[in-house]
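Below you'll find the structure, written out as structure tokens, and then a few comments.
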Amino acid sequence: MSPSHVAARPARILLTGFEPFGGDGHNPSWPAAQEAARTLRAQGMDAVAERLPCTFGGSTEALEQALTEHRPGIVIACGLAGGRAQVAVERVAVNLQDARIPDNAGCQPAGRPVDDAGPAAYFSTLPVKRVLAALDGARIPAELSLSAGSFVCNHVFYEVMHRAGARGSSVRRAGFIHLPWDERAPRRAADAEPWPTLPAADLARALVIAAQEAARPASGVPDLEIPGGALY
Ligand code: PCA
């Protein structure tokens with residue numbers, strides 16, 4: 001098969017979600033990833049979903065396995081950001097593990113790099129502003145985010161970008177999306193505000209929209225050239 005033929009094939013999309021962590025019984029990112037992959041397949045796209053363990057070591061292994069098995073052209077990893085009220089399209093993965101709580105294996109690194117020899121950070125290669133504009137158009141509350149934290153989500157985001165840039169990688173576009181709680185959010189103490197939530201159906205829809213935008217062929221400019229970001 002000629003290289004041009006290979007390039008013309010629609011990219012396989014890998015969506016990842018996480019198992020519950022921090023003592024919770026639910027993590028909306030995994031049902032959202034599964035539902036989004038189902039919807040994309042129903043639309044004729046080639047999409048798969050994989051669940052990652054919420055551990056620094058195990059998530060890397062599972063991710064590597066998924067990349068080898070599926071050879072995706074597009075990777076959208078996602079996780080829960082409990083407390084956020086909007087879908088957060090992450091822009092930057094940092095080379096830092098600094099865990100406020102232990103991961104599901106009891107591992108709690110403090111100020112360590114994800115990769116000893118890696119760069120300080122990677123940018124998402126998703127068209128983040130096109131994704132945001134499309135989410136706005138679909139009336140799904142969404143924002144761009146400049147930090148995915150320093151726990152397992154940032155770790156996976158960094159690992160995805162690190163592997164996407166490696167020689168021989170199948171990945172052309174990759175990034176990370178943080179999701180708020182859905183309607184199955186745990187109860188909070190009586191004196192605490194309830195968690196902000198979005199319907200699970202909207203979380204899945206947000207991932208479908210992000211995947212559709214990522215799969216759209218770049219027409220000259222890689223992303224919308226509209227100002228955004230944050231003042232502080
Ligand atoms: N959220 C955590 C890890 C797994 C998840 O869904 C985070 O934001 O790092």
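Residues are referred to by chain and number: the chain letter is A, B, ... according to the order shown in the structure tokens, the number counts from 1 in that chain, and ligands are numbered separately from 1 in the order shown.
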
task = Tell me, as a list in words, which residues lie within 10 Å of Val160 (chain A), counting only C-alpha atoms; anything in the same chain fewer than 2 positions away does not count.
result =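 These residues fall inside the cut-off: Thr60, Leu63, Glu64, Leu67, Val75, Ile76, Ala77, Ala93, Tyr122, Ser124, Asn154, His155, Val156, Phe157, Tyr158, His162, Arg163, Ala164, Gly165, Val171, Ala174, Gly175 and Phe176 of chain A.
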
Ligand 1 neighbours within 8 Å using only C-alpha atoms and all ligand atoms, as a list in words =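 Taking only C-alpha atoms and all ligand atoms into account, the residues around ligand 1 at most 8 Å away are Gly17, Phe18, Glu19, Pro20, Phe21, Asn27, Pro28, Ser29, Cys54, Cys78, Gly79, Leu80, Ala81, Gly82, Ala148, Gly149, Ser150, Phe151, Val152, Cys153, Asn154, His155 and His178 of chain A.
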
Write out the residues from the selection above, keeping N, CA and C atoms, as an mmCIF file, in the first residue's frame.
```cif
data_model
loop_
_atom_site.group_PDB
_atom_site.id
_atom_site.type_symbol
_atom_site.label_atom_id
_atom_site.label_comp_id
_atom_site.auth_asym_id
_atom_site.auth_seq_id
_atom_site.Cartn_x
_atom_site.Cartn_y
_atom_site.Cartn_z
ATOM 1 N N GLY A 17 -10.854 6.643 29.298
ATOM 2 C CA GLY A 17 -11.436 7.166 30.527
ATOM 3 C C GLY A 17 -10.757 6.459 31.690
ATOM 4 N N PHE A 18 -11.066 6.902 32.899
ATOM 5 C CA PHE A 18 -10.398 6.339 34.081
ATOM 6 C C PHE A 18 -11.366 5.570 34.963
ATOM 7 N N GLU A 19 -10.799 4.620 35.714
ATOM 8 C CA GLU A 19 -11.538 3.964 36.786
ATOM 9 C C GLU A 19 -11.740 4.979 37.927
ATOM 10 N N PRO A 20 -12.670 4.681 38.854
ATOM 11 C CA PRO A 20 -12.849 5.582 40.003
ATOM 12 C C PRO A 20 -11.566 5.687 40.830
ATOM 13 N N PHE A 21 -11.441 6.757 41.577
ATOM 14 C CA PHE A 21 -10.251 6.958 42.415
ATOM 15 C C PHE A 21 -10.647 7.788 43.634
ATOM 16 N N ASN A 27 -16.632 7.076 38.205
ATOM 17 C CA ASN A 27 -15.848 8.087 37.497
ATOM 18 C C ASN A 27 -16.533 8.312 36.145
ATOM 19 N N PRO A 28 -17.131 9.477 35.937
ATOM 20 C CA PRO A 28 -17.936 9.697 34.725
ATOM 21 C C PRO A 28 -17.124 9.651 33.435
ATOM 22 N N SER A 29 -15.791 9.707 33.540
ATOM 23 C CA SER A 29 -14.986 9.758 32.312
ATOM 24 C C SER A 29 -15.045 8.446 31.531
ATOM 25 N N CYS A 54 -6.308 4.163 37.617
ATOM 26 C CA CYS A 54 -5.851 5.452 38.153
ATOM 27 C C CYS A 54 -4.597 5.242 39.002
ATOM 28 N N CYS A 78 -9.420 11.291 28.630
ATOM 29 C CA CYS A 78 -10.221 12.156 29.486
ATOM 30 C C CYS A 78 -10.289 11.617 30.896
ATOM 31 N N GLY A 79 -10.608 12.514 31.812
ATOM 32 C CA GLY A 79 -10.663 12.156 33.219
ATOM 33 C C GLY A 79 -11.602 13.099 33.946
ATOM 34 N N LEU A 80 -11.845 12.793 35.203
ATOM 35 C CA LEU A 80 -12.744 13.587 36.042
ATOM 36 C C LEU A 80 -11.980 14.720 36.719
ATOM 37 N N ALA A 81 -12.549 15.903 36.665
ATOM 38 C CA ALA A 81 -12.058 17.014 37.487
ATOM 39 C C ALA A 81 -13.221 17.430 38.377
ATOM 40 N N GLY A 82 -13.399 16.719 39.492
ATOM 41 C CA GLY A 82 -14.506 16.983 40.408
ATOM 42 C C GLY A 82 -14.378 18.387 40.978
ATOM 43 N N ALA A 148 -3.737 20.725 33.707
ATOM 44 C CA ALA A 148 -4.453 19.473 34.000
ATOM 45 C C ALA A 148 -4.027 18.931 35.357
ATOM 46 N N GLY A 149 -3.394 19.785 36.190
ATOM 47 C CA GLY A 149 -2.950 19.370 37.516
ATOM 48 C C GLY A 149 -1.635 18.619 37.457
ATOM 49 N N SER A 150 -1.356 17.856 38.508
ATOM 50 C CA SER A 150 -0.078 17.121 38.561
ATOM 51 C C SER A 150 -0.297 15.712 39.094
ATOM 52 N N PHE A 151 -1.526 15.217 38.897
ATOM 53 C CA PHE A 151 -1.883 13.861 39.348
ATOM 54 C C PHE A 151 -1.894 12.934 38.122
ATOM 55 N N VAL A 152 -2.701 11.889 38.153
ATOM 56 C CA VAL A 152 -2.616 10.845 37.119
ATOM 57 C C VAL A 152 -3.123 11.345 35.749
ATOM 58 N N CYS A 153 -4.068 12.265 35.732
ATOM 59 C CA CYS A 153 -4.553 12.765 34.442
ATOM 60 C C CYS A 153 -3.452 13.510 33.696
ATOM 61 N N ASN A 154 -2.776 14.421 34.389
ATOM 62 C CA ASN A 154 -1.668 15.130 33.747
ATOM 63 C C ASN A 154 -0.593 14.138 33.302
ATOM 64 N N HIS A 155 -0.348 13.140 34.132
ATOM 65 C CA HIS A 155 0.643 12.097 33.826
ATOM 66 C C HIS A 155 0.297 11.398 32.503
ATOM 67 N N HIS A 178 -10.795 17.267 30.550
ATOM 68 C CA HIS A 178 -11.275 17.020 31.909
ATOM 69 C C HIS A 178 -12.786 17.236 31.943
#
```

request  = Take CA of Asp46 (chain A) and CA of Val131 (chain A) and report the distance between them in Å, one decimal.
outcome  = 19.2 Å

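Residue nearest Ile74 (chain A) within the list A:Arg216, A:Arg112, A:Arg139, A:Arg51: A:Arg216 [criterion: smallest interatomic distance, only C-alpha atoms].
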
inquiry  = With only C-alpha atoms as the counted atoms, please give the residues lying no more than 9 Å from region 183-187 of chain A, apart from itself and same-chain residues fewer than 3 positions off, as a list of chain:residue names.
reply    =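 Selected residues are A:Asp24, A:Gly25, A:His26, A:Asn27, A:Pro28, A:Gly82, A:Ala190, A:Pro194, A:Trp195, A:Pro196, A:Thr197, A:Leu198, A:Pro199, A:Ala200.
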
Next, dump the selected residues to file, keeping only N, CA, C and O atoms, as a compact mmCIF listing (two decimals), in the first residue's frame.
```txt
# COMPACT_ATOMS: atom_id res chain seq x y z
N ASP A 24 -13.99 7.18 45.62
CA ASP A 24 -15.31 7.28 44.98
C ASP A 24 -15.67 5.97 44.30
O ASP A 24 -14.80 5.20 43.90
N GLY A 25 -16.98 5.74 44.11
CA GLY A 25 -17.43 4.52 43.45
C GLY A 25 -17.69 4.72 41.97
O GLY A 25 -18.11 3.78 41.29
N HIS A 26 -17.50 5.92 41.47
CA HIS A 26 -17.89 6.22 40.08
C HIS A 26 -16.90 7.22 39.51
O HIS A 26 -16.39 8.08 40.22
N ASN A 27 -16.63 7.08 38.20
CA ASN A 27 -15.85 8.09 37.50
C ASN A 27 -16.53 8.31 36.14
O ASN A 27 -16.54 7.42 35.30
N PRO A 28 -17.13 9.48 35.94
CA PRO A 28 -17.94 9.70 34.73
C PRO A 28 -17.12 9.65 33.43
O PRO A 28 -17.69 9.55 32.35
N GLY A 82 -13.40 16.72 39.49
CA GLY A 82 -14.51 16.98 40.41
C GLY A 82 -14.38 18.39 40.98
O GLY A 82 -13.33 18.74 41.51
N ALA A 190 -22.89 17.90 54.75
CA ALA A 190 -24.05 18.79 54.81
C ALA A 190 -23.66 20.26 54.68
O ALA A 190 -24.41 21.06 54.12
N PRO A 194 -23.03 21.29 46.97
CA PRO A 194 -23.00 20.07 46.16
C PRO A 194 -22.03 20.25 44.98
O PRO A 194 -21.74 21.37 44.57
N TRP A 195 -21.52 19.13 44.47
CA TRP A 195 -20.62 19.21 43.32
C TRP A 195 -21.35 19.81 42.12
O TRP A 195 -22.51 19.45 41.87
N PRO A 196 -20.68 20.64 41.35
CA PRO A 196 -21.27 21.04 40.07
C PRO A 196 -21.31 19.82 39.14
O PRO A 196 -20.37 19.01 39.15
N THR A 197 -22.39 19.69 38.38
CA THR A 197 -22.53 18.53 37.49
C THR A 197 -23.01 18.95 36.11
O THR A 197 -23.60 20.02 35.94
N LEU A 198 -22.78 18.08 35.15
CA LEU A 198 -23.41 18.17 33.83
C LEU A 198 -24.01 16.80 33.55
O LEU A 198 -23.50 15.79 34.04
N PRO A 199 -25.06 16.73 32.74
CA PRO A 199 -25.65 15.42 32.43
C PRO A 199 -24.62 14.51 31.75
O PRO A 199 -23.84 14.98 30.90
N ALA A 200 -24.65 13.21 32.10
CA ALA A 200 -23.72 12.26 31.49
C ALA A 200 -23.81 12.29 29.97
O ALA A 200 -22.80 12.18 29.27
```

query = Leu40 (chain A): which residues within 12 Å, counting only C-alpha atoms, same-chain residues fewer than 4 positions away excluded, as an NGL selection string?
reply = :A and (12-15 or 33-36 or 44-49 or 204-212 or 215)

task = Using only C-alpha atoms, find the one residue out of A:Ala88, A:Leu179, A:Ala230, A:Ala11 that sits nearest to Gly73 (chain A).
result =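 Answer, going by the shortest atom-to-atom distance: A:Ala11.
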
message = For the strand (DSSP E or B) assignment from backbone DSSP, which residues of region 50-156 of chain A qualify? Please present them as a list of chain:residue names.
response = A:Glu50, A:Arg51, A:Leu52, A:Ile74, A:Val75, A:Ile76, A:Ala77, A:Cys78, A:Gly79, A:Leu80, A:Gly82, A:Arg84, A:Val87, A:Ala88, A:Val89, A:Glu90, A:Val92, A:Ala93, A:Val94, A:Gln97, A:Arg112, A:Ala121, A:Tyr122, A:Phe123, A:Ala142, A:Glu143, A:Leu144, A:Ser145

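Rounded to one decimal, CA of Ala117 (chain A) and CA of Val92 (chain A) lie 17.8 Å from each other.
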